[in-house]
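This is work-v7.txt (compact mmCIF, C-alpha atoms and all ligand atoms).
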# COMPACT_ATOMS: atom_id res chain seq x y z
CA MET A 524 -85.04 81.92 -58.16
CA LEU A 525 -85.73 84.35 -55.32
CA VAL A 526 -87.87 83.00 -52.49
CA GLU A 527 -90.17 85.48 -50.79
CA PHE A 528 -91.63 84.38 -47.48
CA THR A 529 -95.40 84.72 -47.09
CA PRO A 530 -96.65 86.89 -44.17
CA GLU A 531 -97.44 83.63 -42.29
CA GLN A 532 -93.90 82.34 -42.82
CA ILE A 533 -92.46 85.62 -41.55
CA MET A 534 -94.65 85.40 -38.45
CA PHE A 535 -93.55 81.81 -37.92
CA ARG A 536 -89.87 82.71 -38.29
CA ASP A 537 -90.23 85.54 -35.80
CA ALA A 538 -92.03 83.27 -33.33
CA VAL A 539 -89.25 80.65 -33.54
CA ARG A 540 -86.63 83.39 -33.22
CA ASP A 541 -88.32 84.75 -30.09
CA PHE A 542 -88.58 81.24 -28.65
CA CYS A 543 -84.86 80.63 -29.22
CA ALA A 544 -83.89 83.96 -27.68
CA ARG A 545 -86.02 83.15 -24.62
CA GLU A 546 -85.37 79.45 -24.11
CA ILE A 547 -81.89 78.71 -25.44
CA THR A 548 -79.21 80.63 -23.63
CA ARG A 549 -75.56 80.34 -24.56
CA GLU A 550 -74.88 78.84 -21.13
CA TYR A 551 -77.55 76.17 -21.68
CA VAL A 552 -75.97 75.12 -24.97
CA ARG A 553 -72.51 75.01 -23.40
CA GLU A 554 -73.80 73.00 -20.46
CA CYS A 555 -75.50 70.38 -22.67
CA ASP A 556 -72.35 70.18 -24.78
CA ARG A 557 -70.02 69.85 -21.78
CA GLU A 558 -72.23 67.31 -20.04
CA ARG A 559 -73.06 65.46 -23.27
CA ARG A 560 -76.70 65.73 -22.38
CA PRO A 561 -79.63 65.97 -24.84
CA PRO A 562 -81.54 69.27 -24.50
CA ARG A 563 -84.69 67.48 -23.32
CA GLU A 564 -86.25 70.51 -21.61
CA VAL A 565 -86.24 72.60 -24.78
CA TYR A 566 -87.24 69.66 -26.96
CA ASP A 567 -90.33 69.15 -24.77
CA LYS A 568 -91.19 72.84 -25.13
CA LEU A 569 -90.88 72.59 -28.91
CA GLY A 570 -93.41 69.76 -28.70
CA LYS A 571 -95.77 71.94 -26.69
CA MET A 572 -95.41 74.69 -29.29
CA GLY A 573 -96.54 72.14 -31.90
CA TRP A 574 -93.39 72.61 -33.96
CA LEU A 575 -92.17 69.01 -33.83
CA GLY A 576 -95.22 68.11 -35.90
CA ILE A 577 -94.53 70.85 -38.40
CA ASN A 578 -94.66 68.48 -41.40
CA ILE A 579 -97.01 65.87 -39.89
CA ALA A 580 -100.53 65.78 -41.33
CA GLU A 581 -103.20 67.55 -39.28
CA GLU A 582 -105.17 64.31 -38.87
CA HIS A 583 -102.16 62.90 -36.99
CA GLY A 584 -101.63 65.87 -34.71
CA GLY A 585 -99.32 67.99 -36.84
CA SER A 586 -99.68 71.22 -38.75
CA GLY A 587 -99.00 69.89 -42.28
CA GLY A 588 -96.36 72.47 -43.16
CA GLY A 589 -94.13 72.33 -46.22
CA ALA A 590 -90.40 72.30 -46.78
CA VAL A 591 -90.02 76.09 -46.47
CA GLU A 592 -91.53 76.01 -42.97
CA VAL A 593 -89.27 73.10 -42.02
CA ALA A 594 -86.23 75.01 -43.30
CA ILE A 595 -87.21 78.11 -41.34
CA LEU A 596 -87.56 76.10 -38.12
CA LEU A 597 -84.24 74.30 -38.57
CA GLU A 598 -82.32 77.37 -39.59
CA GLU A 599 -83.47 79.28 -36.52
CA LEU A 600 -82.81 76.35 -34.18
CA GLY A 601 -79.43 75.71 -35.81
CA ARG A 602 -78.43 79.28 -35.16
CA SER A 603 -78.96 78.78 -31.43
CA PHE A 604 -78.17 75.11 -30.87
CA LEU A 605 -77.10 72.86 -33.72
CA ASP A 606 -77.55 69.55 -31.92
CA LEU A 607 -81.09 70.52 -30.95
CA ALA A 608 -81.79 71.31 -34.61
CA PHE A 609 -80.43 67.86 -35.52
CA TRP A 610 -82.77 66.25 -33.01
CA VAL A 611 -85.70 68.05 -34.61
CA PHE A 612 -84.45 67.18 -38.09
CA ARG A 613 -84.78 63.50 -37.13
CA ALA A 614 -88.39 64.01 -36.05
CA VAL A 615 -89.32 65.71 -39.31
CA THR A 616 -87.36 63.43 -41.64
CA TRP A 617 -87.80 59.95 -40.14
CA GLY A 618 -91.10 60.79 -38.43
CA GLY A 619 -93.08 63.35 -40.41
CA LEU A 620 -91.72 62.41 -43.82
CA ALA A 621 -90.73 58.71 -43.70
CA ILE A 622 -93.41 57.36 -41.37
CA GLY A 623 -95.94 59.95 -42.57
CA ARG A 624 -95.37 59.05 -46.23
CA ASP A 625 -94.73 55.30 -46.08
CA GLY A 626 -95.88 54.01 -42.69
CA GLN A 627 -98.92 51.75 -42.41
CA ASP A 628 -102.09 53.37 -41.08
CA ASP A 629 -101.93 51.76 -37.61
CA LEU A 630 -98.32 52.83 -37.18
CA LYS A 631 -99.10 56.38 -38.25
CA ARG A 632 -102.02 56.61 -35.83
CA ALA A 633 -99.91 55.19 -33.02
CA VAL A 634 -96.69 57.17 -33.33
CA LEU A 635 -97.16 60.37 -35.34
CA PRO A 636 -99.16 62.26 -32.66
CA LYS A 637 -96.45 61.34 -30.14
CA ILE A 638 -93.66 62.46 -32.43
CA ALA A 639 -95.57 65.71 -32.91
CA ASP A 640 -95.82 66.36 -29.16
CA GLY A 641 -92.26 65.22 -28.46
CA THR A 642 -93.07 62.20 -26.30
CA THR A 643 -91.68 59.82 -28.94
CA THR A 644 -88.29 60.47 -30.53
CA VAL A 645 -86.72 58.96 -33.63
CA CYS A 646 -83.31 58.14 -35.09
CA PHE A 647 -82.05 56.44 -38.25
CA SER A 648 -79.69 53.52 -38.89
CA LEU A 649 -78.31 53.10 -42.38
CA THR A 650 -74.52 53.01 -42.04
CA GLU A 651 -72.71 49.77 -41.19
CA PRO A 652 -69.04 49.02 -40.57
CA GLU A 653 -68.65 47.80 -44.19
CA ALA A 654 -71.27 50.07 -45.76
CA GLY A 655 -70.52 53.80 -45.47
CA SER A 656 -70.48 55.80 -48.71
CA ASP A 657 -71.44 52.55 -50.41
CA ALA A 658 -74.68 52.53 -48.43
CA ALA A 659 -76.45 49.97 -50.61
CA ALA A 660 -73.88 47.38 -49.45
CA ILE A 661 -75.71 46.96 -46.13
CA SER A 662 -75.84 43.42 -44.76
CA LEU A 663 -78.01 43.62 -41.60
CA THR A 664 -80.66 41.02 -42.43
CA ALA A 665 -84.40 41.03 -41.87
CA THR A 666 -85.81 37.52 -42.32
CA GLU A 667 -89.54 36.87 -42.63
CA ASP A 668 -91.07 34.75 -39.86
CA GLY A 669 -94.87 34.61 -39.76
CA ASP A 670 -96.24 38.08 -39.00
CA ASP A 671 -92.78 39.36 -38.12
CA PHE A 672 -89.31 39.93 -39.47
CA ILE A 673 -86.23 38.98 -37.44
CA LEU A 674 -83.27 41.38 -37.59
CA ASN A 675 -79.63 40.37 -37.20
CA GLY A 676 -76.56 42.50 -37.72
CA GLN A 677 -75.10 45.82 -36.67
CA LYS A 678 -75.14 49.51 -37.47
CA VAL A 679 -72.62 52.24 -36.74
CA PHE A 680 -73.04 55.99 -36.30
CA THR A 681 -76.71 55.88 -35.31
CA SER A 682 -76.95 59.43 -34.04
CA GLY A 683 -79.29 60.31 -31.22
CA PHE A 684 -79.83 56.63 -30.40
CA LYS A 685 -79.49 57.13 -26.65
CA ALA A 686 -82.31 59.71 -26.69
CA SER A 687 -84.60 57.89 -29.13
CA ASP A 688 -87.60 55.62 -28.73
CA LEU A 689 -87.75 54.51 -32.36
CA ASP A 690 -85.03 53.65 -34.86
CA VAL A 691 -85.74 53.55 -38.59
CA VAL A 692 -83.45 50.69 -39.66
CA ALA A 693 -82.43 49.89 -43.25
CA CYS A 694 -82.28 46.10 -43.66
CA ARG A 695 -81.31 43.57 -46.30
CA THR A 696 -84.41 41.52 -47.16
CA ALA A 697 -83.17 39.97 -50.41
CA THR A 698 -79.88 39.40 -52.19
CA GLY A 699 -79.69 39.56 -55.95
CA GLU A 700 -77.62 40.94 -58.76
CA LYS A 701 -78.33 44.53 -57.82
CA LYS A 702 -77.49 45.51 -54.25
CA HIS A 703 -79.94 48.46 -54.37
CA HIS A 704 -82.76 45.97 -54.68
CA GLY A 705 -83.77 43.97 -51.60
CA ILE A 706 -83.50 46.73 -49.00
CA THR A 707 -86.45 47.34 -46.66
CA LEU A 708 -86.89 49.85 -43.83
CA PHE A 709 -88.41 48.93 -40.46
CA VAL A 710 -89.36 51.05 -37.49
CA VAL A 711 -87.81 49.33 -34.46
CA ASP A 712 -88.27 50.12 -30.75
CA THR A 713 -84.86 51.06 -29.37
CA ASP A 714 -85.61 49.01 -26.24
CA ALA A 715 -86.80 45.91 -28.14
CA PRO A 716 -85.32 42.61 -26.83
CA GLY A 717 -82.05 41.90 -28.67
CA VAL A 718 -81.15 45.58 -29.32
CA THR A 719 -78.00 46.79 -27.54
CA TYR A 720 -75.63 49.68 -28.16
CA THR A 721 -72.35 51.25 -27.20
CA ALA A 722 -71.62 54.96 -27.45
CA MET A 723 -69.00 56.05 -30.02
CA GLU A 724 -66.58 58.74 -28.86
CA THR A 725 -66.53 61.55 -31.42
CA LEU A 726 -65.10 65.02 -32.03
CA GLY A 727 -68.51 66.66 -31.70
CA HIS A 728 -72.27 66.05 -31.76
CA TRP A 729 -71.89 65.45 -28.01
CA PRO A 730 -75.38 66.27 -26.66
CA LEU A 731 -77.14 63.71 -28.86
CA GLY A 732 -74.14 61.47 -29.47
CA THR A 733 -73.79 58.60 -31.90
CA ALA A 734 -73.80 54.86 -31.33
CA HIS A 735 -72.77 51.41 -32.49
CA VAL A 736 -76.03 49.40 -32.41
CA PHE A 737 -76.31 45.60 -32.38
CA PHE A 738 -79.39 43.64 -33.47
CA ASP A 739 -79.50 40.08 -32.20
CA ASP A 740 -82.67 38.18 -33.22
CA VAL A 741 -84.78 41.33 -32.91
CA ARG A 742 -88.41 40.58 -33.73
CA VAL A 743 -90.28 43.34 -35.59
CA SER A 744 -93.90 43.16 -36.69
CA LYS A 745 -94.65 43.46 -40.42
CA SER A 746 -96.87 46.39 -39.49
CA ARG A 747 -93.63 48.29 -38.77
CA MET A 748 -92.40 48.04 -42.36
CA LEU A 749 -92.11 51.31 -44.30
CA GLY A 750 -93.19 51.29 -47.93
CA THR A 751 -93.09 48.06 -49.91
CA LEU A 752 -90.86 45.05 -49.38
CA HIS A 753 -87.42 45.28 -51.07
CA ASN A 754 -88.08 48.84 -52.31
CA GLY A 755 -86.47 50.68 -49.39
CA TRP A 756 -83.60 52.10 -51.44
CA ASN A 757 -85.95 54.17 -53.60
CA ASP A 758 -88.02 55.36 -50.63
CA ASN A 759 -84.87 56.16 -48.71
CA ALA A 760 -83.58 58.28 -51.58
CA VAL A 761 -86.62 60.54 -51.07
CA TYR A 762 -85.92 60.80 -47.32
CA LEU A 763 -82.25 61.54 -47.91
CA ARG A 764 -83.05 64.41 -50.26
CA TYR A 765 -85.23 65.89 -47.53
CA GLU A 766 -82.48 65.22 -44.99
CA ARG A 767 -80.14 67.31 -47.14
CA LEU A 768 -82.48 70.27 -46.83
CA CYS A 769 -82.78 69.88 -43.06
CA LEU A 770 -79.07 69.50 -42.38
CA SER A 771 -78.17 72.37 -44.70
CA ALA A 772 -80.76 74.70 -43.17
CA ALA A 773 -79.53 73.93 -39.64
CA ARG A 774 -75.91 74.51 -40.67
CA THR A 775 -76.80 77.78 -42.38
CA GLY A 776 -78.20 78.94 -39.05
CA ALA A 777 -75.02 77.78 -37.33
CA SER A 778 -72.91 79.65 -39.91
CA LYS A 779 -74.83 82.82 -39.06
CA ALA A 780 -74.08 82.32 -35.36
CA ALA A 781 -70.37 81.72 -36.00
CA LEU A 782 -70.25 84.80 -38.23
CA ALA A 783 -72.04 87.01 -35.69
CA ASP A 784 -69.63 85.95 -32.92
CA SER A 785 -66.66 86.63 -35.17
CA ILE A 786 -67.86 90.11 -36.15
CA GLU A 787 -68.56 91.05 -32.55
CA TYR A 788 -65.14 89.88 -31.44
CA ALA A 789 -63.35 91.63 -34.31
CA GLN A 790 -65.01 94.92 -33.43
CA GLN A 791 -64.18 94.66 -29.74
CA ARG A 792 -60.65 93.29 -29.85
CA SER A 793 -57.95 95.92 -30.30
CA GLN A 794 -54.36 95.36 -31.38
CA PHE A 795 -51.91 97.99 -32.60
CA ASP A 796 -54.31 100.62 -31.18
CA GLN A 797 -57.28 99.78 -33.34
CA PRO A 798 -60.06 97.20 -33.57
CA ILE A 799 -58.78 94.17 -35.49
CA SER A 800 -61.84 94.53 -37.80
CA LYS A 801 -60.02 97.53 -39.32
CA PHE A 802 -57.25 95.29 -40.63
CA GLN A 803 -58.07 94.33 -44.17
CA ALA A 804 -56.93 90.75 -43.59
CA VAL A 805 -59.63 90.40 -40.93
CA SER A 806 -62.41 92.35 -42.66
CA HIS A 807 -61.88 90.41 -45.90
CA ARG A 808 -62.09 87.17 -44.00
CA LEU A 809 -65.37 88.33 -42.47
CA ALA A 810 -66.63 89.45 -45.89
CA GLU A 811 -65.96 85.97 -47.30
CA MET A 812 -67.79 84.43 -44.37
CA GLN A 813 -70.76 86.72 -44.99
CA MET A 814 -70.83 85.81 -48.68
CA LYS A 815 -70.73 82.07 -48.05
CA THR A 816 -73.47 82.28 -45.44
CA GLU A 817 -75.73 84.31 -47.72
CA ILE A 818 -75.23 81.89 -50.61
CA SER A 819 -76.05 78.95 -48.31
CA GLU A 820 -79.23 80.69 -47.21
CA ALA A 821 -80.28 81.37 -50.78
CA LEU A 822 -79.64 77.74 -51.77
CA VAL A 823 -81.59 76.43 -48.76
CA TYR A 824 -84.77 78.36 -49.58
CA ARG A 825 -84.45 77.81 -53.30
CA TYR A 826 -84.27 74.09 -52.68
CA ALA A 827 -87.11 74.16 -50.13
CA ALA A 828 -89.34 75.96 -52.63
CA LEU A 829 -88.43 73.41 -55.31
CA LEU A 830 -89.26 70.56 -52.91
CA ASP A 831 -92.63 72.13 -52.15
CA ARG A 832 -93.35 72.30 -55.88
CA ASP A 833 -92.12 68.73 -56.33
CA GLU A 834 -89.48 70.00 -58.75
CA ALA A 835 -86.30 69.34 -56.75
CA THR A 836 -83.73 67.19 -58.52
CA VAL A 837 -80.99 64.95 -57.18
CA ARG A 838 -78.48 67.53 -58.41
CA ASP A 839 -80.23 70.37 -56.54
CA ALA A 840 -80.01 68.33 -53.32
CA ALA A 841 -76.34 67.50 -53.84
CA ILE A 842 -75.36 71.10 -54.67
CA LEU A 843 -77.15 72.37 -51.57
CA LYS A 844 -75.60 69.78 -49.23
CA LEU A 845 -72.12 70.22 -50.70
CA TYR A 846 -72.17 74.02 -50.62
CA ALA A 847 -73.87 74.64 -47.27
CA CYS A 848 -71.75 72.09 -45.41
CA GLU A 849 -68.45 73.18 -46.93
CA ALA A 850 -69.45 76.80 -46.26
CA TYR A 851 -70.13 76.14 -42.57
CA LYS A 852 -66.77 74.37 -42.26
CA GLU A 853 -64.96 77.32 -43.84
CA VAL A 854 -66.92 79.92 -41.85
CA ALA A 855 -66.17 78.12 -38.58
CA ASP A 856 -62.49 77.74 -39.47
CA ASP A 857 -62.12 81.40 -40.50
CA GLY A 858 -64.12 82.54 -37.48
CA LEU A 859 -61.79 80.70 -35.15
CA GLN A 860 -58.87 82.41 -36.87
CA VAL A 861 -60.47 85.83 -36.33
CA LEU A 862 -60.58 85.11 -32.60
CA GLY A 863 -56.92 84.13 -32.58
CA GLY A 864 -55.84 82.21 -29.49
CA TYR A 865 -59.17 82.84 -27.77
CA GLY A 866 -60.96 81.02 -30.57
CA TYR A 867 -59.00 77.93 -29.58
CA THR A 868 -60.16 78.10 -25.94
CA MET A 869 -63.30 76.55 -24.54
CA GLU A 870 -64.32 80.02 -23.31
CA TYR A 871 -65.71 80.92 -26.75
CA ASP A 872 -68.14 79.04 -28.99
CA LEU A 873 -66.02 79.11 -32.15
CA GLN A 874 -64.23 75.93 -31.04
CA ARG A 875 -67.62 74.18 -30.96
CA HIS A 876 -68.50 75.44 -34.44
CA TYR A 877 -65.09 74.27 -35.62
CA ARG A 878 -65.69 70.78 -34.22
CA GLU A 879 -69.31 70.52 -35.32
CA SER A 880 -68.69 71.81 -38.82
CA ARG A 881 -66.38 68.86 -39.64
CA LEU A 882 -69.31 66.45 -39.51
CA GLY A 883 -71.19 68.30 -42.25
CA VAL A 884 -68.74 67.32 -44.96
CA ILE A 885 -68.74 63.66 -43.83
CA GLY A 886 -72.20 62.67 -42.56
CA ALA A 887 -75.21 62.00 -44.80
CA GLY A 888 -73.00 61.54 -47.83
CA THR A 889 -69.49 63.03 -47.88
CA SER A 890 -68.65 66.04 -50.01
CA ASP A 891 -66.87 63.68 -52.43
CA VAL A 892 -70.05 61.67 -52.81
CA GLN A 893 -72.04 64.86 -53.49
CA ARG A 894 -69.51 65.80 -56.18
CA ASN A 895 -69.93 62.32 -57.70
CA ILE A 896 -73.70 62.83 -57.81
CA ILE A 897 -73.39 66.26 -59.44
CA ALA A 898 -70.90 64.95 -62.00
CA ARG A 899 -73.15 61.99 -62.81
CA THR A 900 -76.08 64.32 -63.52
CA MET A 901 -73.76 66.17 -65.93
CA GLY A 902 -73.22 62.94 -67.85
CA LEU A 903 -69.62 62.60 -66.60
C1 LIG B 1 -70.94 61.89 -36.07
C2 LIG B 1 -71.57 61.09 -37.15
C3 LIG B 1 -72.95 60.92 -37.16
C4 LIG B 1 -73.56 60.11 -38.12
N1 LIG B 1 -74.90 59.87 -38.04
C5 LIG B 1 -75.44 58.89 -38.82
C6 LIG B 1 -76.79 58.46 -38.59
O1 LIG B 1 -77.50 58.97 -37.74
N2 LIG B 1 -77.25 57.40 -39.32
C7 LIG B 1 -76.49 56.80 -40.28
O2 LIG B 1 -76.99 55.86 -40.91
N3 LIG B 1 -75.22 57.21 -40.54
C8 LIG B 1 -74.68 58.24 -39.82
N4 LIG B 1 -73.37 58.64 -40.03
C9 LIG B 1 -72.57 57.93 -41.02
C10 LIG B 1 -72.16 58.80 -42.19
O3 LIG B 1 -73.24 59.03 -43.06
C11 LIG B 1 -70.96 58.10 -42.86
O4 LIG B 1 -69.87 58.26 -41.99
C12 LIG B 1 -70.67 58.64 -44.23
O5 LIG B 1 -71.68 58.28 -45.13
C13 LIG B 1 -69.32 58.15 -44.78
O6 LIG B 1 -69.17 56.77 -44.62
P1 LIG B 1 -67.82 56.21 -43.92
O7 LIG B 1 -67.63 56.93 -42.66
O8 LIG B 1 -67.92 54.74 -43.86
O9 LIG B 1 -66.66 56.65 -44.89
P2 LIG B 1 -66.14 55.90 -46.24
O10 LIG B 1 -67.28 55.61 -47.11
O11 LIG B 1 -65.25 54.80 -45.84
O12 LIG B 1 -65.29 57.07 -46.90
C14 LIG B 1 -63.95 57.36 -46.51
C15 LIG B 1 -63.39 58.40 -47.49
O13 LIG B 1 -63.42 57.87 -48.83
C16 LIG B 1 -64.15 58.73 -49.68
N5 LIG B 1 -64.93 57.95 -50.63
C17 LIG B 1 -65.64 56.81 -50.41
N6 LIG B 1 -66.26 56.42 -51.53
C18 LIG B 1 -65.95 57.34 -52.49
C19 LIG B 1 -66.30 57.50 -53.86
N7 LIG B 1 -67.11 56.64 -54.49
N8 LIG B 1 -65.80 58.58 -54.52
C20 LIG B 1 -64.99 59.47 -53.89
N9 LIG B 1 -64.62 59.36 -52.60
C21 LIG B 1 -65.10 58.32 -51.92
C22 LIG B 1 -65.08 59.52 -48.76
O14 LIG B 1 -65.47 60.77 -49.33
C23 LIG B 1 -64.21 59.69 -47.52
O15 LIG B 1 -63.38 60.79 -47.67
C24 LIG B 1 -72.75 59.52 -39.13
C25 LIG B 1 -71.38 59.75 -39.16
C26 LIG B 1 -70.78 60.51 -38.18
C27 LIG B 1 -69.30 60.73 -38.23
Could you spell out this file's structure in C-alpha cells?
Ligand SMILES: Cc1cc2nc3c(=O)[nH]c(=O)nc-3n(C[C@H](O)[C@H](O)[C@H](O)COP(=O)(O)OP(=O)(O)OC[C@H]3O[C@@H](n4cnc5c(N)ncnc54)[C@H](O)[C@@H]3O)c2cc1C
Amino acid sequence: MLVEFTPEQIMFRDAVRDFCAREITREYVRECDRERRPPREVYDKLGKMGWLGINIAEEHGGSGGGAVEVAILLEELGRSFLDLAFWVFRAVTWGGLAIGRDGQDDLKRAVLPKIADGTTTVCFSLTEPEAGSDAAAISLTATEDGDDFILNGQKVFTSGFKASDLDVVACRTATGEKKHHGITLFVVDTDAPGVTYTAMETLGHWPLGTAHVFFDDVRVSKSRMLGTLHNGWNDNAVYLRYERLCLSAARTGASKAALADSIEYAQQRSQFDQPISKFQAVSHRLAEMQMKTEISEALVYRYAALLDRDEATVRDAAILKLYACEAYKEVADDGLQVLGGYGYTMEYDLQRHYRESRLGVIGAGTSDVQRNIIARTMGL
C-alpha cells in the first residue's frame, strides 16, 4: 500500500524540517550527548509549537492528530536528534495515547494540557530485573488501601526517568493461573515519597539516560489508575503497538542521517586518486543502506496508515519494529565502515549512530521476540 501525504501533512513535515534545521545544530546534539544532558531547550520549544500535543484531543490542549502525523514528527526529529525524538515518543505514547485513551477524566484534565505544552514529561516502567522479554512476569505489587494503592518493588531500564515528572508503572494487582491477568497500570509522580532511583550506565541513550527505580510503600490514588483493574496487559498491548510505530519512525529518520553523512564523506574522501564513492565496494554498501532506509520508511507510513484506519495487526507492528530497527543497526554499522578510521573517532557522528542503533534491536521487545510474534501469527 502506497501512502500519499495530504497537502496538510506535507506542510507539517516541512514545518518540522525547518524547525529542526533552525533549532537543532549538530554541535547542540553532540553537546547534549557528551554532557548527558536532556535537550530541555528544544523540548520546551516543541511544546510552544504545539507539537508535543500532536495526538492529544483538542479539548485537552492538543491538536488531535493521527498516527501518520506522529510518524512524520518523529521521523524528522529522529533525523536530527534521536534522543529528543525518544523524549517526544514518550509524550505521545504514554501521555497522548495511554493517558488520553485510558486515564480518568480528572487525570486527563490535570495532566494532558501540561504534557501538550511540555511542562509535564512522562516515562514508562515495565521491565524488572526478573521480567524482561517475559514482561508479564512482573512482580512489583500494587495493593489496595482505601482510596489508594500502595506500590512496592523495583523496575529497571526506565528511560528518561531523570527528566520526567510522571512514570506510567505496570504493577501486579492480582496473582492467578495466568500471569497476563492481574496487571494494572498507574501514573506515579516521579518525586512521590518512597520513589528513588539510580542511573544505569549504558552504551548510548545518554541525554535522557535510563534508570533503576525503587518503589518503597509508594501511595498512589485510585484516580491515577489507567483502564480497568487487572486488565493492564491488554491495554498495554495497544500502547506497545503504537510505541513500535514511534520508535521505528524515529530510527528511520536516524538511518537517513547516518546515510547522508556516509554519502557526503564517501564523495569527499579520496584514496588512490579518486573519491572512495567510486569504488564499487563503497558504492554498493551505500546502495544497500539506501535500500534499507527506503524500505523502513515505506513500512513506517504503511503501518501508520493502517493504525489510523484501525486495521493494524500484531504482525504488522512486529514486522515494522524488526525491520526498521535491524535496518538502522546495519546502516549505522556500514556507515561507520565507509568512514574508515574516522568513523571510529568521536569527531564524526557515525560512532553515535553505531552506539544508538544497538538499542533498537533490544529495547521494546528484542528482534528475537518480534520474530516469535511473526511466527506465531503464521501458526508456527
Ligand atoms: C537503554 C535501554 C532502555 C530501555 N528503556 C526501557 C523503558 O523505558 N521502559 C521499560 O519498561 N523497559 C525499557 N528497556 C528494557 C527493554 O525493553 C528490555 O531490555 C528488553 O525487553 C529485553 O529484556 P532483557 O534485557 O531482560 O533481556 P532478556 O529477556 O533477558 O533477553 C536476553 C536475550 O534472550 C533472548 N530471549 C529472551 N526470551 C526469548 C524468547 N522467548 N525467544 C527467543 N529469544 C529470547 C533475547 O532476545 C535476548 O537476546 C530498555 C532497555 C535498554 C537497554
With a cut-off of 6 Å, could you pull out the residues of chain A touching ligand LIG 1 (chain B) and give me the nearest pair of atoms for each, distance in Å to one decimal, using all atoms listed in the file, ordered by chain and ascending number, as JSON lines?
{"residue": "A:Phe647", "atom": "CA", "partner": "B:LIG1", "partner_atom": "N2", "distance": 5.0}
{"residue": "A:Ser648", "atom": "CA", "partner": "B:LIG1", "partner_atom": "O2", "distance": 4.1}
{"residue": "A:Leu649", "atom": "CA", "partner": "B:LIG1", "partner_atom": "O2", "distance": 3.4}
{"residue": "A:Thr650", "atom": "CA", "partner": "B:LIG1", "partner_atom": "O2", "distance": 3.9}
{"residue": "A:Gly655", "atom": "CA", "partner": "B:LIG1", "partner_atom": "O8", "distance": 3.2}
{"residue": "A:Ser656", "atom": "CA", "partner": "B:LIG1", "partner_atom": "O10", "distance": 3.6}
{"residue": "A:Phe680", "atom": "CA", "partner": "B:LIG1", "partner_atom": "C8", "distance": 4.5}
{"residue": "A:Thr681", "atom": "CA", "partner": "B:LIG1", "partner_atom": "O1", "distance": 4.0}
{"residue": "A:Ser682", "atom": "CA", "partner": "B:LIG1", "partner_atom": "O1", "distance": 3.8}
{"residue": "A:Thr733", "atom": "CA", "partner": "B:LIG1", "partner_atom": "C3", "distance": 5.8}
{"residue": "A:Leu882", "atom": "CA", "partner": "B:LIG1", "partner_atom": "C27", "distance": 5.9}
{"residue": "A:Ile885", "atom": "CA", "partner": "B:LIG1", "partner_atom": "C12", "distance": 5.4}
{"residue": "A:Gly886", "atom": "CA", "partner": "B:LIG1", "partner_atom": "O3", "distance": 3.8}
{"residue": "A:Ala887", "atom": "CA", "partner": "B:LIG1", "partner_atom": "O3", "distance": 4.0}
{"residue": "A:Gly888", "atom": "CA", "partner": "B:LIG1", "partner_atom": "O5", "distance": 4.4}
{"residue": "A:Thr889", "atom": "CA", "partner": "B:LIG1", "partner_atom": "O14", "distance": 4.8}
{"residue": "A:Asp891", "atom": "CA", "partner": "B:LIG1", "partner_atom": "O14", "distance": 4.5}
{"residue": "A:Val892", "atom": "CA", "partner": "B:LIG1", "partner_atom": "N8", "distance": 5.5}
Give me the residues within 10 Å of Ile897 in chain A as a short mmCIF file (atom, residue, chain, number, x, y, z; two decimals) with C-alpha atoms, in the frame of the given file, counting all atoms listed in the file and dropping any in the same chain fewer than 2 places off.
data_model
loop_
_atom_site.label_atom_id
_atom_site.label_comp_id
_atom_site.auth_asym_id
_atom_site.auth_seq_id
_atom_site.Cartn_x
_atom_site.Cartn_y
_atom_site.Cartn_z
CA VAL A 837 -80.99 64.95 -57.18
CA ARG A 838 -78.48 67.53 -58.41
CA ASP A 839 -80.23 70.37 -56.54
CA ALA A 840 -80.01 68.33 -53.32
CA ALA A 841 -76.34 67.50 -53.84
CA ILE A 842 -75.36 71.10 -54.67
CA LEU A 845 -72.12 70.22 -50.70
CA ASP A 891 -66.87 63.68 -52.43
CA VAL A 892 -70.05 61.67 -52.81
CA GLN A 893 -72.04 64.86 -53.49
CA ARG A 894 -69.51 65.80 -56.18
CA ASN A 895 -69.93 62.32 -57.70
CA ARG A 899 -73.15 61.99 -62.81
CA THR A 900 -76.08 64.32 -63.52
CA MET A 901 -73.76 66.17 -65.93
CA GLY A 902 -73.22 62.94 -67.85
CA LEU A 903 -69.62 62.60 -66.60
#
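Among the candidate residues A:Ala665, A:Ala734, A:Leu873, A:Val539, the one lying nearest to Leu752 in chain A is A:Ala665, with distances computed using only C-alpha atoms.
Here the question is which of A:Lys637, A:Ser806, A:Gln797, A:Gln532 gets nearest to Glu592 in chain A using all atoms listed in the file, and that residue is A:Gln532.
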Computed interatomic separation between CA of Lys568 in chain A and CA of Leu600 in chain A (Å) =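 CA of Lys568 in chain A sits 12.8 Å away from CA of Leu600 in chain A.
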Residues within 7 Å of Thr775 in chain A, all atoms listed in the file, excluding chain neighbours under 4 positions, as a PDB file with C-alpha atoms, keeping the file's coordinate frame:
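Printed below is out24.pdb as written:
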ATOM      1  CA  GLU A 598     -82.320  77.370 -39.590  1.00  0.00           C
ATOM      2  CA  SER A 771     -78.170  72.370 -44.700  1.00  0.00           C
ATOM      3  CA  LYS A 779     -74.830  82.820 -39.060  1.00  0.00           C
ATOM      4  CA  THR A 816     -73.470  82.280 -45.440  1.00  0.00           C
ATOM      5  CA  SER A 819     -76.050  78.950 -48.310  1.00  0.00           C
ATOM      6  CA  GLU A 820     -79.230  80.690 -47.210  1.00  0.00           C
ATOM      7  CA  ALA A 847     -73.870  74.640 -47.270  1.00  0.00           C
ATOM      8  CA  TYR A 851     -70.130  76.140 -42.570  1.00  0.00           C
TER       9      TYR A 851
END
So which one's closest to Leu663 in chain A, A:Cys848, A:Ala693, A:Leu782, A:Val591? Using only C-alpha atoms, please.
->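 Among A:Cys848, A:Ala693, A:Leu782, A:Val591, it is A:Ala693 that comes nearest to Leu663 in chain A.
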